[in-house]
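File shown: protein-v1.cif. Contents: mmCIF, C-alpha atoms.
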```cif
data_entry
loop_
_atom_site.group_PDB
_atom_site.id
_atom_site.type_symbol
_atom_site.label_atom_id
_atom_site.label_comp_id
_atom_site.auth_asym_id
_atom_site.auth_seq_id
_atom_site.Cartn_x
_atom_site.Cartn_y
_atom_site.Cartn_z
ATOM 1 C CA MET A 1396 86.164 110.247 63.119
ATOM 2 C CA LEU A 1397 89.299 111.824 64.592
ATOM 3 C CA ARG A 1398 91.262 110.002 67.313
ATOM 4 C CA THR A 1399 90.380 112.618 69.935
ATOM 5 C CA GLU A 1400 86.697 112.410 69.073
ATOM 6 C CA GLN A 1401 86.727 108.610 69.214
ATOM 7 C CA LEU A 1402 88.366 108.652 72.633
ATOM 8 C CA ARG A 1403 85.905 111.270 73.883
ATOM 9 C CA VAL A 1404 82.938 109.161 72.767
ATOM 10 C CA TRP A 1405 84.493 106.060 74.357
ATOM 11 C CA GLN A 1406 85.019 107.912 77.647
ATOM 12 C CA GLN A 1407 81.460 109.255 77.725
ATOM 13 C CA ARG A 1408 79.980 105.845 76.937
ATOM 14 C CA TRP A 1409 81.995 104.220 79.733
ATOM 15 C CA ALA A 1410 81.109 106.923 82.258
ATOM 16 C CA LEU A 1411 77.398 106.725 81.504
ATOM 17 C CA THR A 1412 77.416 102.914 81.605
ATOM 18 C CA SER A 1413 79.213 102.920 84.967
ATOM 19 C CA LEU A 1414 76.830 105.464 86.437
ATOM 20 C CA ARG A 1415 73.753 103.506 85.329
ATOM 21 C CA ARG A 1416 75.231 100.230 86.549
ATOM 22 C CA VAL A 1417 76.227 101.430 89.999
ATOM 23 C CA THR A 1418 73.952 104.316 90.924
ATOM 24 C CA GLY A 1419 71.241 104.925 88.352
ATOM 25 C CA LEU A 1420 70.608 107.858 86.048
ATOM 26 C CA GLY A 1421 70.317 110.375 88.859
ATOM 27 C CA ALA A 1422 74.087 110.484 89.230
ATOM 28 C CA ILE A 1423 74.563 111.870 85.731
ATOM 29 C CA ALA A 1424 74.030 115.358 87.128
ATOM 30 C CA LEU A 1425 77.010 114.791 89.381
ATOM 31 C CA MET A 1426 79.132 113.792 86.411
ATOM 32 C CA LEU A 1427 78.149 116.910 84.500
ATOM 33 C CA SER A 1428 78.994 119.150 87.458
ATOM 34 C CA ALA A 1429 82.461 117.740 88.115
ATOM 35 C CA CYS A 1430 84.657 118.655 85.175
ATOM 36 C CA SER A 1431 88.369 119.495 85.060
ATOM 37 C CA ALA A 1432 89.001 117.994 88.459
ATOM 38 C CA ALA A 1433 92.326 116.266 87.776
ATOM 39 C CA GLN A 1434 95.675 117.074 89.320
ATOM 40 C CA HIS A 1435 98.840 115.182 88.460
ATOM 41 C CA VAL A 1436 101.175 115.650 91.403
ATOM 42 C CA SER A 1437 103.817 113.066 90.519
ATOM 43 C CA HIS A 1438 107.370 113.799 89.460
ATOM 44 C CA GLY A 1439 108.362 113.682 85.808
ATOM 45 C CA GLU A 1440 106.241 113.732 82.677
ATOM 46 C CA PRO A 1441 102.956 111.824 82.989
ATOM 47 C CA ALA A 1442 102.702 108.902 80.588
ATOM 48 C CA ILE A 1443 99.465 110.258 79.126
ATOM 49 C CA GLU A 1444 101.387 113.247 77.736
ATOM 50 C CA SER A 1445 103.885 111.177 75.783
ATOM 51 C CA ASN A 1446 102.060 107.868 75.197
ATOM 52 C CA ALA A 1447 98.875 108.491 73.255
ATOM 53 C CA LEU A 1448 96.184 105.879 73.731
ATOM 54 C CA ARG A 1449 95.380 103.724 70.761
ATOM 55 C CA ASP A 1450 92.008 104.065 69.067
ATOM 56 C CA PRO A 1451 89.717 101.465 70.717
ATOM 57 C CA GLN A 1452 90.015 98.137 68.917
ATOM 58 C CA PRO A 1453 87.495 95.262 68.689
ATOM 59 C CA PHE A 1454 87.543 92.478 71.249
ATOM 60 C CA THR A 1455 85.554 89.363 72.170
ATOM 61 C CA ARG A 1456 84.073 88.692 75.608
ATOM 62 C CA LEU A 1457 84.192 85.008 76.474
ATOM 63 C CA SER A 1458 81.516 83.266 78.527
ATOM 64 C CA PRO A 1459 82.266 83.382 82.281
ATOM 65 C CA ALA A 1460 84.600 80.545 83.266
ATOM 66 C CA THR A 1461 85.665 79.079 86.602
ATOM 67 C CA TYR A 1462 89.282 79.930 87.353
ATOM 68 C CA THR A 1463 89.670 78.139 90.687
ATOM 69 C CA PRO A 1464 90.653 74.465 91.172
ATOM 70 C CA GLU A 1465 87.950 71.902 91.874
ATOM 71 C CA GLU A 1466 89.030 71.597 95.514
ATOM 72 C CA TRP A 1467 88.793 75.356 96.154
ATOM 73 C CA PRO A 1468 86.446 76.331 99.026
ATOM 74 C CA GLN A 1469 84.253 78.278 96.607
ATOM 75 C CA ALA A 1470 84.057 78.120 92.830
ATOM 76 C CA LEU A 1471 84.964 81.534 91.407
ATOM 77 C CA THR A 1472 84.517 82.799 87.864
ATOM 78 C CA ALA A 1473 86.157 85.339 85.595
ATOM 79 C CA ASP A 1474 85.078 87.266 82.519
ATOM 80 C CA VAL A 1475 87.795 87.225 79.872
ATOM 81 C CA TYR A 1476 88.045 89.842 77.129
ATOM 82 C CA LEU A 1477 90.224 88.861 74.160
ATOM 83 C CA PRO A 1478 91.411 91.609 71.802
ATOM 84 C CA ASP A 1479 91.271 90.917 68.093
ATOM 85 C CA ASP A 1480 94.684 89.711 66.971
ATOM 86 C CA SER A 1481 95.324 92.757 64.800
ATOM 87 C CA LEU A 1482 98.897 93.284 65.990
ATOM 88 C CA GLY A 1483 99.964 89.641 66.026
ATOM 89 C CA GLY A 1484 102.327 88.029 68.502
ATOM 90 C CA LEU A 1485 102.076 87.887 72.271
ATOM 91 C CA ARG A 1486 100.172 90.568 74.155
ATOM 92 C CA PRO A 1487 99.887 91.784 77.746
ATOM 93 C CA ALA A 1488 97.138 90.789 80.155
ATOM 94 C CA ALA A 1489 95.355 92.644 82.947
ATOM 95 C CA LEU A 1490 94.031 91.103 86.153
ATOM 96 C CA VAL A 1491 90.995 93.261 87.034
ATOM 97 C CA VAL A 1492 89.539 93.235 90.569
ATOM 98 C CA HIS A 1493 86.386 94.997 91.780
ATOM 99 C CA GLY A 1494 85.907 96.872 95.050
ATOM 100 C CA GLY A 1495 83.230 96.451 97.705
ATOM 101 C CA GLY A 1496 84.968 96.491 101.065
ATOM 102 C CA TRP A 1497 86.136 92.863 100.603
ATOM 103 C CA ARG A 1498 82.535 91.820 101.288
ATOM 104 C CA ASN A 1499 80.287 92.494 98.267
ATOM 105 C CA ARG A 1500 79.880 93.891 94.727
ATOM 106 C CA LYS A 1501 80.583 92.097 91.443
ATOM 107 C CA PRO A 1502 83.003 92.075 88.506
ATOM 108 C CA GLU A 1503 80.279 93.898 86.561
ATOM 109 C CA ASP A 1504 81.420 97.095 88.328
ATOM 110 C CA MET A 1505 84.735 96.848 86.458
ATOM 111 C CA GLN A 1506 83.264 95.829 83.107
ATOM 112 C CA GLY A 1507 83.787 99.236 81.516
ATOM 113 C CA ILE A 1508 87.426 99.332 82.598
ATOM 114 C CA ALA A 1509 88.002 95.759 81.398
ATOM 115 C CA GLU A 1510 86.537 96.714 78.024
ATOM 116 C CA ARG A 1511 88.804 99.744 77.774
ATOM 117 C CA LEU A 1512 91.833 97.594 78.554
ATOM 118 C CA ALA A 1513 90.796 95.036 75.929
ATOM 119 C CA GLY A 1514 90.294 97.868 73.459
ATOM 120 C CA GLN A 1515 93.899 98.863 74.059
ATOM 121 C CA GLY A 1516 95.177 95.336 73.408
ATOM 122 C CA TYR A 1517 95.190 93.668 76.845
ATOM 123 C CA VAL A 1518 93.688 90.277 77.566
ATOM 124 C CA ALA A 1519 91.496 91.532 80.422
ATOM 125 C CA VAL A 1520 90.578 89.000 83.120
ATOM 126 C CA ASN A 1521 87.858 90.437 85.362
ATOM 127 C CA ILE A 1522 87.461 88.196 88.412
ATOM 128 C CA GLU A 1523 85.231 87.605 91.378
ATOM 129 C CA HIS A 1524 86.705 86.654 94.769
ATOM 130 C CA ARG A 1525 85.553 85.321 98.119
ATOM 131 C CA PHE A 1526 83.966 87.694 100.605
ATOM 132 C CA ALA A 1527 84.517 88.568 104.241
ATOM 133 C CA PRO A 1528 83.504 87.831 106.927
ATOM 134 C CA GLU A 1529 82.943 84.231 105.847
ATOM 135 C CA TYR A 1530 86.396 84.207 104.282
ATOM 136 C CA ARG A 1531 89.072 86.372 105.862
ATOM 137 C CA PHE A 1532 92.550 87.558 104.972
ATOM 138 C CA PRO A 1533 94.526 86.143 103.227
ATOM 139 C CA SER A 1534 91.773 84.155 101.439
ATOM 140 C CA GLN A 1535 91.126 86.914 98.895
ATOM 141 C CA LEU A 1536 94.835 87.199 98.088
ATOM 142 C CA HIS A 1537 94.911 83.447 97.527
ATOM 143 C CA ASP A 1538 92.048 83.884 95.039
ATOM 144 C CA LEU A 1539 94.108 86.413 93.085
ATOM 145 C CA GLN A 1540 97.097 84.089 93.111
ATOM 146 C CA GLN A 1541 94.907 81.338 91.677
ATOM 147 C CA ALA A 1542 93.701 83.750 88.999
ATOM 148 C CA MET A 1543 97.309 84.479 88.066
ATOM 149 C CA ALA A 1544 98.032 80.757 87.845
ATOM 150 C CA TRP A 1545 94.969 80.409 85.586
ATOM 151 C CA ILE A 1546 96.191 83.167 83.282
ATOM 152 C CA HIS A 1547 99.554 81.440 83.030
ATOM 153 C CA ALA A 1548 97.854 78.107 82.295
ATOM 154 C CA ASN A 1549 95.892 79.712 79.425
ATOM 155 C CA ALA A 1550 98.709 81.928 78.172
ATOM 156 C CA ASP A 1551 99.342 79.952 74.984
ATOM 157 C CA GLU A 1552 95.667 79.865 73.992
ATOM 158 C CA TRP A 1553 95.156 83.564 74.727
ATOM 159 C CA GLN A 1554 98.563 84.632 73.337
ATOM 160 C CA VAL A 1555 99.609 86.232 76.617
ATOM 161 C CA ASP A 1556 103.137 87.341 77.415
ATOM 162 C CA THR A 1557 103.246 86.292 81.071
ATOM 163 C CA SER A 1558 106.034 88.789 81.818
ATOM 164 C CA ARG A 1559 103.575 91.595 80.971
ATOM 165 C CA ILE A 1560 100.612 90.981 83.276
ATOM 166 C CA VAL A 1561 99.346 94.089 85.085
ATOM 167 C CA GLY A 1562 96.933 94.503 87.978
ATOM 168 C CA VAL A 1563 93.973 96.912 87.954
ATOM 169 C CA GLY A 1564 91.607 97.552 90.848
ATOM 170 C CA PHE A 1565 89.588 100.080 92.798
ATOM 171 C CA SER A 1566 89.158 100.390 96.588
ATOM 172 C CA SER A 1567 89.411 96.929 98.168
ATOM 173 C CA GLY A 1568 90.189 95.601 94.681
ATOM 174 C CA ALA A 1569 93.077 98.062 94.482
ATOM 175 C CA HIS A 1570 94.195 96.825 97.894
ATOM 176 C CA LEU A 1571 94.219 93.209 96.708
ATOM 177 C CA VAL A 1572 96.099 93.793 93.448
ATOM 178 C CA SER A 1573 98.574 96.068 95.259
ATOM 179 C CA LEU A 1574 99.182 93.459 97.947
ATOM 180 C CA LEU A 1575 99.656 90.841 95.234
ATOM 181 C CA ALA A 1576 102.175 93.138 93.550
ATOM 182 C CA VAL A 1577 104.304 93.901 96.608
ATOM 183 C CA ALA A 1578 103.985 90.671 98.620
ATOM 184 C CA GLY A 1579 102.577 87.885 96.441
ATOM 185 C CA VAL A 1580 105.860 86.701 94.929
ATOM 186 C CA GLU A 1581 108.236 86.464 97.896
ATOM 187 C CA GLY A 1582 107.790 86.343 101.666
ATOM 188 C CA PRO A 1583 105.109 84.881 103.938
ATOM 189 C CA LEU A 1584 102.181 85.801 101.659
ATOM 190 C CA ALA A 1585 103.732 83.989 98.701
ATOM 191 C CA GLU A 1586 103.028 80.625 100.309
ATOM 192 C CA PRO A 1587 101.385 78.353 99.342
ATOM 193 C CA TYR A 1588 99.805 79.738 96.148
ATOM 194 C CA GLY A 1589 102.061 82.584 95.034
ATOM 195 C CA GLY A 1590 105.588 82.744 93.762
ATOM 196 C CA GLU A 1591 106.916 83.774 90.386
ATOM 197 C CA GLN A 1592 103.622 83.204 88.567
ATOM 198 C CA SER A 1593 102.047 85.913 90.769
ATOM 199 C CA ARG A 1594 104.423 88.608 89.527
ATOM 200 C CA LEU A 1595 102.819 91.761 88.122
ATOM 201 C CA ALA A 1596 104.554 94.093 85.684
ATOM 202 C CA ALA A 1597 102.672 97.201 86.887
ATOM 203 C CA VAL A 1598 99.580 98.261 88.839
ATOM 204 C CA LEU A 1599 96.744 100.746 88.298
ATOM 205 C CA ALA A 1600 95.118 101.338 91.707
ATOM 206 C CA GLY A 1601 92.303 103.754 92.561
ATOM 207 C CA GLY A 1602 91.014 104.634 96.036
ATOM 208 C CA LEU A 1603 93.668 102.351 97.522
ATOM 209 C CA PRO A 1604 93.469 101.558 101.279
ATOM 210 C CA SER A 1605 97.233 101.164 101.485
ATOM 211 C CA ASP A 1606 97.770 100.961 105.263
ATOM 212 C CA LEU A 1607 95.102 99.144 107.269
ATOM 213 C CA LEU A 1608 96.622 100.306 110.544
ATOM 214 C CA LYS A 1609 95.481 103.846 109.697
ATOM 215 C CA PHE A 1610 91.838 102.861 110.087
ATOM 216 C CA ASP A 1611 89.842 102.860 113.285
ATOM 217 C CA ASP A 1612 88.471 99.454 114.207
ATOM 218 C CA GLY A 1613 85.534 99.735 111.843
ATOM 219 C CA ARG A 1614 83.451 96.812 110.694
ATOM 220 C CA LEU A 1615 84.826 96.432 107.167
ATOM 221 C CA VAL A 1616 88.471 96.023 108.107
ATOM 222 C CA VAL A 1617 87.760 94.044 111.279
ATOM 223 C CA ASP A 1618 85.611 91.597 109.305
ATOM 224 C CA PHE A 1619 88.303 91.306 106.632
ATOM 225 C CA ILE A 1620 91.166 90.662 109.055
ATOM 226 C CA GLY A 1621 89.189 88.828 111.742
ATOM 227 C CA GLY A 1622 89.909 91.093 114.698
ATOM 228 C CA THR A 1623 90.865 94.579 115.839
ATOM 229 C CA ARG A 1624 94.259 96.220 115.421
ATOM 230 C CA ALA A 1625 95.167 95.300 118.994
ATOM 231 C CA GLU A 1626 94.055 91.696 118.529
ATOM 232 C CA GLU A 1627 95.576 91.085 115.081
ATOM 233 C CA ASN A 1628 98.341 93.686 114.782
ATOM 234 C CA GLU A 1629 100.731 91.531 112.774
ATOM 235 C CA ALA A 1630 97.979 90.553 110.314
ATOM 236 C CA TYR A 1631 97.159 94.248 109.814
ATOM 237 C CA ARG A 1632 100.805 94.935 109.019
ATOM 238 C CA LEU A 1633 101.079 91.974 106.691
ATOM 239 C CA ALA A 1634 97.874 92.977 104.884
ATOM 240 C CA SER A 1635 99.018 96.587 104.337
ATOM 241 C CA PRO A 1636 100.657 97.149 100.930
ATOM 242 C CA ALA A 1637 102.351 100.306 102.209
ATOM 243 C CA ARG A 1638 104.271 98.213 104.738
ATOM 244 C CA GLN A 1639 105.388 95.635 102.157
ATOM 245 C CA ILE A 1640 107.062 97.896 99.586
ATOM 246 C CA THR A 1641 110.590 96.931 98.542
ATOM 247 C CA PRO A 1642 112.890 98.224 95.776
ATOM 248 C CA GLN A 1643 111.712 95.213 93.747
ATOM 249 C CA SER A 1644 108.059 96.313 93.765
ATOM 250 C CA PRO A 1645 106.581 97.014 90.300
ATOM 251 C CA PRO A 1646 105.590 100.459 88.957
ATOM 252 C CA PHE A 1647 102.343 101.955 90.274
ATOM 253 C CA PHE A 1648 99.788 104.418 88.950
ATOM 254 C CA LEU A 1649 97.603 105.737 91.780
ATOM 255 C CA PHE A 1650 94.440 107.828 91.551
ATOM 256 C CA HIS A 1651 92.465 109.092 94.518
ATOM 257 C CA GLY A 1652 89.745 111.598 95.418
ATOM 258 C CA LYS A 1653 91.024 114.450 97.553
ATOM 259 C CA TRP A 1654 87.694 114.560 99.421
ATOM 260 C CA ASP A 1655 87.696 110.835 100.134
ATOM 261 C CA GLN A 1656 86.431 110.289 103.688
ATOM 262 C CA LEU A 1657 86.185 106.486 103.500
ATOM 263 C CA VAL A 1658 89.821 106.039 102.440
ATOM 264 C CA PRO A 1659 91.550 109.354 103.233
ATOM 265 C CA VAL A 1660 93.867 110.740 100.584
ATOM 266 C CA ASP A 1661 96.986 110.213 102.710
ATOM 267 C CA HIS A 1662 96.683 106.508 101.873
ATOM 268 C CA ALA A 1663 97.646 107.513 98.327
ATOM 269 C CA THR A 1664 100.108 110.296 99.064
ATOM 270 C CA ASP A 1665 102.029 108.313 101.690
ATOM 271 C CA PHE A 1666 102.085 105.224 99.497
ATOM 272 C CA TYR A 1667 103.337 107.286 96.566
ATOM 273 C CA GLN A 1668 106.099 108.774 98.723
ATOM 274 C CA ALA A 1669 107.151 105.292 99.872
ATOM 275 C CA LEU A 1670 107.353 104.200 96.233
ATOM 276 C CA GLN A 1671 109.488 107.226 95.428
ATOM 277 C CA ASN A 1672 111.741 106.503 98.408
ATOM 278 C CA ASN A 1673 112.344 103.050 96.926
ATOM 279 C CA ASN A 1674 113.024 104.478 93.443
ATOM 280 C CA ILE A 1675 109.949 102.783 91.965
ATOM 281 C CA GLU A 1676 108.474 104.425 88.900
ATOM 282 C CA SER A 1677 105.060 105.755 89.853
ATOM 283 C CA GLU A 1678 102.450 108.407 89.149
ATOM 284 C CA LEU A 1679 99.929 110.018 91.491
ATOM 285 C CA TYR A 1680 96.731 111.466 90.024
ATOM 286 C CA LEU A 1681 94.570 113.298 92.554
ATOM 287 C CA GLN A 1682 90.951 114.180 91.803
ATOM 288 C CA ARG A 1683 89.729 117.463 93.255
ATOM 289 C CA TRP A 1684 86.260 117.751 94.829
ATOM 290 C CA ARG A 1685 85.642 114.001 94.777
ATOM 291 C CA GLY A 1686 85.006 111.514 97.520
ATOM 292 C CA HIS A 1687 85.519 107.776 97.405
ATOM 293 C CA PHE A 1688 82.632 106.743 95.180
ATOM 294 C CA ALA A 1689 82.717 109.806 92.932
ATOM 295 C CA SER A 1690 86.419 109.194 92.302
ATOM 296 C CA PHE A 1691 85.417 105.868 90.730
ATOM 297 C CA LEU A 1692 82.228 106.919 88.967
ATOM 298 C CA LEU A 1693 83.949 109.959 87.455
ATOM 299 C CA SER A 1694 87.310 108.308 86.845
ATOM 300 C CA SER A 1695 87.423 108.322 83.048
ATOM 301 C CA GLY A 1696 90.355 110.745 82.834
ATOM 302 C CA ALA A 1697 92.215 108.898 85.572
ATOM 303 C CA ILE A 1698 91.676 105.567 83.817
ATOM 304 C CA ASP A 1699 92.991 106.990 80.545
ATOM 305 C CA ALA A 1700 96.081 108.315 82.318
ATOM 306 C CA GLY A 1701 96.502 105.026 84.163
ATOM 307 C CA ILE A 1702 96.217 102.892 81.024
ATOM 308 C CA ALA A 1703 98.752 105.146 79.304
ATOM 309 C CA PHE A 1704 101.051 104.473 82.278
ATOM 310 C CA LEU A 1705 100.491 100.718 81.948
ATOM 311 C CA ASN A 1706 101.090 100.895 78.199
ATOM 312 C CA ARG A 1707 104.445 102.522 78.837
ATOM 313 C CA GLN A 1708 105.428 99.903 81.417
ATOM 314 C CA VAL A 1709 104.622 96.922 79.171
ATOM 315 C CA LYS A 1710 105.853 98.713 76.043
ATOM 316 C CA LEU A 1711 102.544 98.136 74.336
ATOM 317 C CA TYR A 1712 102.932 100.915 71.777
ATOM 318 C CA PRO A 1713 106.537 102.079 72.047
ATOM 319 C CA SER A 1714 106.144 104.497 69.166
ATOM 320 C CA GLY A 1715 103.430 106.424 71.113
#
```
Could you render the structure as structure tokens?
Amino acid sequence: MLRTEQLRVWQQRWALTSLRRVTGLGAIALMLSACSAAQHVSHGEPAIESNALRDPQPFTRLSPATYTPEEWPQALTADVYLPDDSLGGLRPAALVVHGGGWRNRKPEDMQGIAERLAGQGYVAVNIEHRFAPEYRFPSQLHDLQQAMAWIHANADEWQVDTSRIVGVGFSSGAHLVSLLAVAGVEGPLAEPYGGEQSRLAAVLAGGLPSDLLKFDDGRLVVDFIGGTRAEENEAYRLASPARQITPQSPPFFLFHGKWDQLVPVDHATDFYQALQNNNIESELYLQRWRGHFASFLLSSGAIDAGIAFLNRQVKLYPSG
């Protein structure tokens, strides 16, 4: 089977699995009616045009394991996907975080993406985290920092190059990995669980709520932060990745539905512009005719482009 045919079959299988898992078979009609909806609007040549994806390789999914310390307020687990050691040597890892408005959903939503990352050669670590409103910001960020510490602790066994760990997430998961990337290493959010071991080499973020101060005082964000914008203004600023960008932030690949009403598209376009203003390598991939959920369910092309971007950042296949 040709490379292009293999990738096409892989994409279709992932899309169908995601649709069944999240919405049921009725959404397949939506997938079939929404073709050719991509628009790269970033500067420079997209990575997908120069860095071909590798043919999917075999991997092993480990049994779910607890990644949090015994004293953690809630025991949290992760699914780990180990690529076959066909290339030898150390390999990159991907911290994968699901969406759900910081209050629900499961790592199962990201299973297809984790499998695609593992098929490309990443040790994919697909985690659960604590939920609002029982646990509020920055509890979820602390969970991600613990997951990073866990990856570092298992790096020798899993053959991970800890300088090449990337973050991948959608919606609130994209928010958490982005916040980890821009504020989890230095500054007030680095204490007490962050620091150097929380450093990400690059981020793939879809449907990213980048600036929480842009939202009205709706239930999801208020429950996550623990108050309204007027009551908790500084927390809103601290929890907004767009307000934490520095020239030291890692490269970002962003994808977003142009019809997104839950997280309007300016969250992506403004964040992308801020990255550009700080000379941070980044790509923006907008999806025409798609709202928030459709941009995830029909994201196969965006995920391919995003993984190609990650591959370039971690120099996974430098020969292309």
Checklist entry - In Å to one decimal, how far is CA of Ser1534 (chain A) from CA of Thr1461 (chain A)? => result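 That distance, rounded to one decimal, is 16.8 Å.
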Checklist entry - Written as a ChimeraX atom specification, which residues does the PyMOL selection byres ((chain A and resi 1499) around 10) give for the file shown? => result /A:1493-1498,1500-1501,1523-1527
Item to check | Answer key for the PyMOL selection byres ((chain A and resi 1596) around 9), residues as a list in words | outcome: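 With the shown file as input, the PyMOL selection byres ((chain A and resi 1596) around 9) matches Ser1558, Arg1559, Ile1560, Val1561, Gly1562, Ala1576, Arg1594, Leu1595, Ala1597, Val1598, Pro1645, Pro1646, Leu1705, Gln1708 and Val1709 of chain A.
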Item to check | Expected selection from the PyMOL selection byres ((chain A and resi 1674) around 12), given as a PyMOL selection string | outcome: chain A and resi 1438+1640-1647+1667-1673+1675-1677
Exercise: Leu1490 (chain A) partners within 10 Å, all atoms listed in the file, chain neighbours under 3 positions left out, as a PDB file with C-alpha atoms, in the frame of the given file:
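Everything below was put into out_17.pdb:
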```pdb
ATOM      1  CA  ALA A1473      86.157  85.339  85.595  1.00  0.00           C
ATOM      2  CA  VAL A1475      87.795  87.225  79.872  1.00  0.00           C
ATOM      3  CA  ALA A1509      88.002  95.759  81.398  1.00  0.00           C
ATOM      4  CA  TYR A1517      95.190  93.668  76.845  1.00  0.00           C
ATOM      5  CA  VAL A1518      93.688  90.277  77.566  1.00  0.00           C
ATOM      6  CA  ALA A1519      91.496  91.532  80.422  1.00  0.00           C
ATOM      7  CA  VAL A1520      90.578  89.000  83.120  1.00  0.00           C
ATOM      8  CA  ASN A1521      87.858  90.437  85.362  1.00  0.00           C
ATOM      9  CA  ILE A1522      87.461  88.196  88.412  1.00  0.00           C
ATOM     10  CA  LEU A1539      94.108  86.413  93.085  1.00  0.00           C
ATOM     11  CA  ALA A1542      93.701  83.750  88.999  1.00  0.00           C
ATOM     12  CA  MET A1543      97.309  84.479  88.066  1.00  0.00           C
ATOM     13  CA  ILE A1546      96.191  83.167  83.282  1.00  0.00           C
ATOM     14  CA  ILE A1560     100.612  90.981  83.276  1.00  0.00           C
ATOM     15  CA  VAL A1561      99.346  94.089  85.085  1.00  0.00           C
ATOM     16  CA  GLY A1562      96.933  94.503  87.978  1.00  0.00           C
ATOM     17  CA  VAL A1563      93.973  96.912  87.954  1.00  0.00           C
ATOM     18  CA  GLY A1564      91.607  97.552  90.848  1.00  0.00           C
ATOM     19  CA  VAL A1572      96.099  93.793  93.448  1.00  0.00           C
ATOM     20  CA  LEU A1595     102.819  91.761  88.122  1.00  0.00           C
ATOM     21  CA  VAL A1598      99.580  98.261  88.839  1.00  0.00           C
TER      22      VAL A1598
END
```
With 8 Å of padding per side, what axis-aligned box (centre and edge lengths, Å, one decimal) covers all the listed atoms of region 1453-1472 of chain A? Give it as AutoDock Vina command-line options.
```
--center_x 86.1 --center_y 83.4 --center_z 83.9 --size_x 25.1 --size_y 39.7 --size_z 46.3
```
Checklist entry - From the list A:Leu1608, A:Ala1470, A:Ala1637, A:Met1505, which residue is nearest Ala1625 (chain A) when using all atoms listed in the file? => result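 With all atoms listed in the file as the atom set, the closest residue is A:Leu1608.
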Checklist entry - CA of Asp1661 (chain A) to CA of Gly1601 (chain A): how many Å, to one decimal? => result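 Answer for the CA of Asp1661 (chain A) to CA of Gly1601 (chain A) separation: 12.9 Å.
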Checklist entry - Counting only C-alpha atoms, what is within 12 Å of Ile1702 (chain A), bar same-chain residues fewer than 2 positions away, as a PyMOL selection string? => result chain A and resi 1441-1443+1446-1449+1489+1508-1517+1561-1563+1597-1600+1647-1650+1678+1694-1700+1704-1712
Checklist entry - If you count only C-alpha atoms, which residues fall within 10 Å of Leu1633 (chain A), apart from same-chain ones fewer than 3 positions away, as a ChimeraX atom specification? => result /A:1532-1533,1574,1578,1583-1584,1606-1607,1628-1630,1636-1639
Checklist entry - What does the distance between CA of Gln1506 (chain A) and CA of Phe1688 (chain A) come to in Å, to one decimal place? => result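 Separation of CA of Gln1506 (chain A) and CA of Phe1688 (chain A): 16.3 Å.
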Next on the checklist: Nearest residue to Pro1604 (chain A) out of A:Asp1556, A:Asp1665, A:Glu1444, A:Glu1627, using only C-alpha atoms?
Outcome noted: A:Asp1665
